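Containing CSV, C-alpha atoms: final-v1.csv.
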chain,number,residue,atom,x,y,z
H,1,MET,CA,114.1,116.7,60.1
H,2,PRO,CA,112.2,119.7,58.6
H,3,SER,CA,112.4,120.2,54.9
H,4,ALA,CA,112.3,123.5,53.0
H,5,SER,CA,108.5,122.9,52.7
H,6,GLY,CA,108.2,122.7,56.4
H,7,THR,CA,107.5,119.0,56.4
H,8,ARG,CA,109.7,116.2,57.7
H,9,ALA,CA,111.7,114.0,55.4
H,10,ALA,CA,110.9,110.3,55.8
H,11,SER,CA,114.5,109.1,56.1
H,12,PRO,CA,116.2,108.4,59.3
H,13,TRP,CA,119.6,109.8,60.0
H,14,PRO,CA,121.8,106.7,60.4
H,15,PRO,CA,121.5,105.4,56.8
H,16,SER,CA,122.5,108.8,55.5
H,17,THR,CA,125.4,109.6,57.7
H,18,PRO,CA,128.2,107.6,55.9
H,19,PHE,CA,127.1,109.1,52.6
H,20,LEU,CA,126.6,112.8,53.4
H,21,PRO,CA,130.4,113.6,53.1
H,22,LEU,CA,130.5,111.8,49.7
H,23,ARG,CA,128.2,114.5,48.3
H,24,SER,CA,131.2,116.9,48.4
H,25,PRO,CA,133.5,116.8,45.5
H,26,GLU,CA,136.5,117.2,47.8
H,27,VAL,CA,135.7,113.8,49.6
H,28,ALA,CA,137.0,110.7,47.9
H,29,CYS,CA,135.9,108.1,50.5
H,30,VAL,CA,134.5,107.6,54.0
H,31,VAL,CA,136.2,105.2,56.4
H,32,ALA,CA,133.9,103.9,59.0
H,33,GLY,CA,134.9,102.0,62.1
H,34,PHE,CA,132.6,99.2,63.3
H,35,ARG,CA,132.6,97.7,66.8
H,36,SER,CA,130.5,94.6,66.1
H,37,GLY,CA,129.1,92.4,63.5
H,38,ASP,CA,125.7,94.0,64.1
H,39,GLU,CA,127.1,97.4,63.1
H,40,VAL,CA,128.6,95.9,59.9
H,41,ALA,CA,125.3,94.3,59.1
H,42,ALA,CA,123.4,97.6,59.7
H,43,ALA,CA,125.9,99.5,57.5
H,44,ALA,CA,125.4,96.9,54.7
H,45,ARG,CA,121.6,97.4,54.9
H,46,TRP,CA,122.0,101.2,54.9
H,47,SER,CA,124.2,101.1,51.8
H,48,GLU,CA,121.3,99.6,49.9
H,49,ALA,CA,118.8,102.2,51.2
H,50,ALA,CA,117.6,104.7,48.7
H,51,LEU,CA,117.2,108.1,50.3
H,52,PRO,CA,114.6,110.4,48.8
H,53,ASP,CA,115.8,113.7,47.2
H,54,GLU,CA,113.9,115.6,49.9
H,55,ALA,CA,116.0,113.9,52.6
H,56,TRP,CA,119.2,114.9,50.8
H,57,ALA,CA,118.0,118.5,50.5
H,58,ASP,CA,117.3,118.5,54.3
H,59,LEU,CA,120.7,117.0,55.1
H,60,ASP,CA,122.5,119.4,52.7
H,61,GLY,CA,120.8,122.3,54.5
H,62,VAL,CA,121.9,121.0,57.9
H,63,ALA,CA,125.5,120.6,56.6
H,64,GLU,CA,125.6,124.2,55.3
H,65,ARG,CA,124.5,125.5,58.7
H,66,ALA,CA,127.2,123.5,60.5
Before anything else, please render the file you have as structure tokens.
Amino acid sequence: MPSASGTRAASPWPPSTPFLPLRSPEVACVVAGFRSGDEVAAAARWSEAALPDEAWADLDGVAERA
């Protein structure tokens, strides 16, 4: 996804999607539904991923335009 500098952030979307709503002070939690053990395992890996500030800035920009 393009950043403010015109480059692309290095982070993929899936690891960030459960956490983007939590950046809003109005959101207390996110409840995710999993269909398989593989999805649970992937979410566990994503929860440990550190997303760079540039990726969050890109995602915040997308959320503001939505």
message: Set the distance at 10 Å and use only C-alpha atoms: which residues neighbour Val30 of chain H once local chain neighbours fewer than 5 positions away are removed? I'd like the list as a ChimeraX atom specification.
response: /H:18-22
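From atom CA of Ser24 of chain H back to atom CA of Asp60 of chain H, the distance works out to 10.0 Å.
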- prompt: Which value, in Å to one decimal, gives the distance between atom CA of Ala44 of chain H and atom CA of Pro15 of chain H?
  reply: 9.6 Å
- request: Measure the distance from atom CA of Val40 of chain H to atom CA of Ala63 of chain H in Å and round it to one decimal.
  value: 25.1 Å
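Proximity of H:Pro25, H:Gly61, H:Gly33, H:Pro14 to Arg45 of chain H, computed with only C-alpha atoms, is greatest for H:Pro14.
Using only C-alpha atoms, the smallest distance between any of H:Glu26, H:Ser16, H:Arg65, H:Val31 and Ser47 of chain H comes from H:Ser16.
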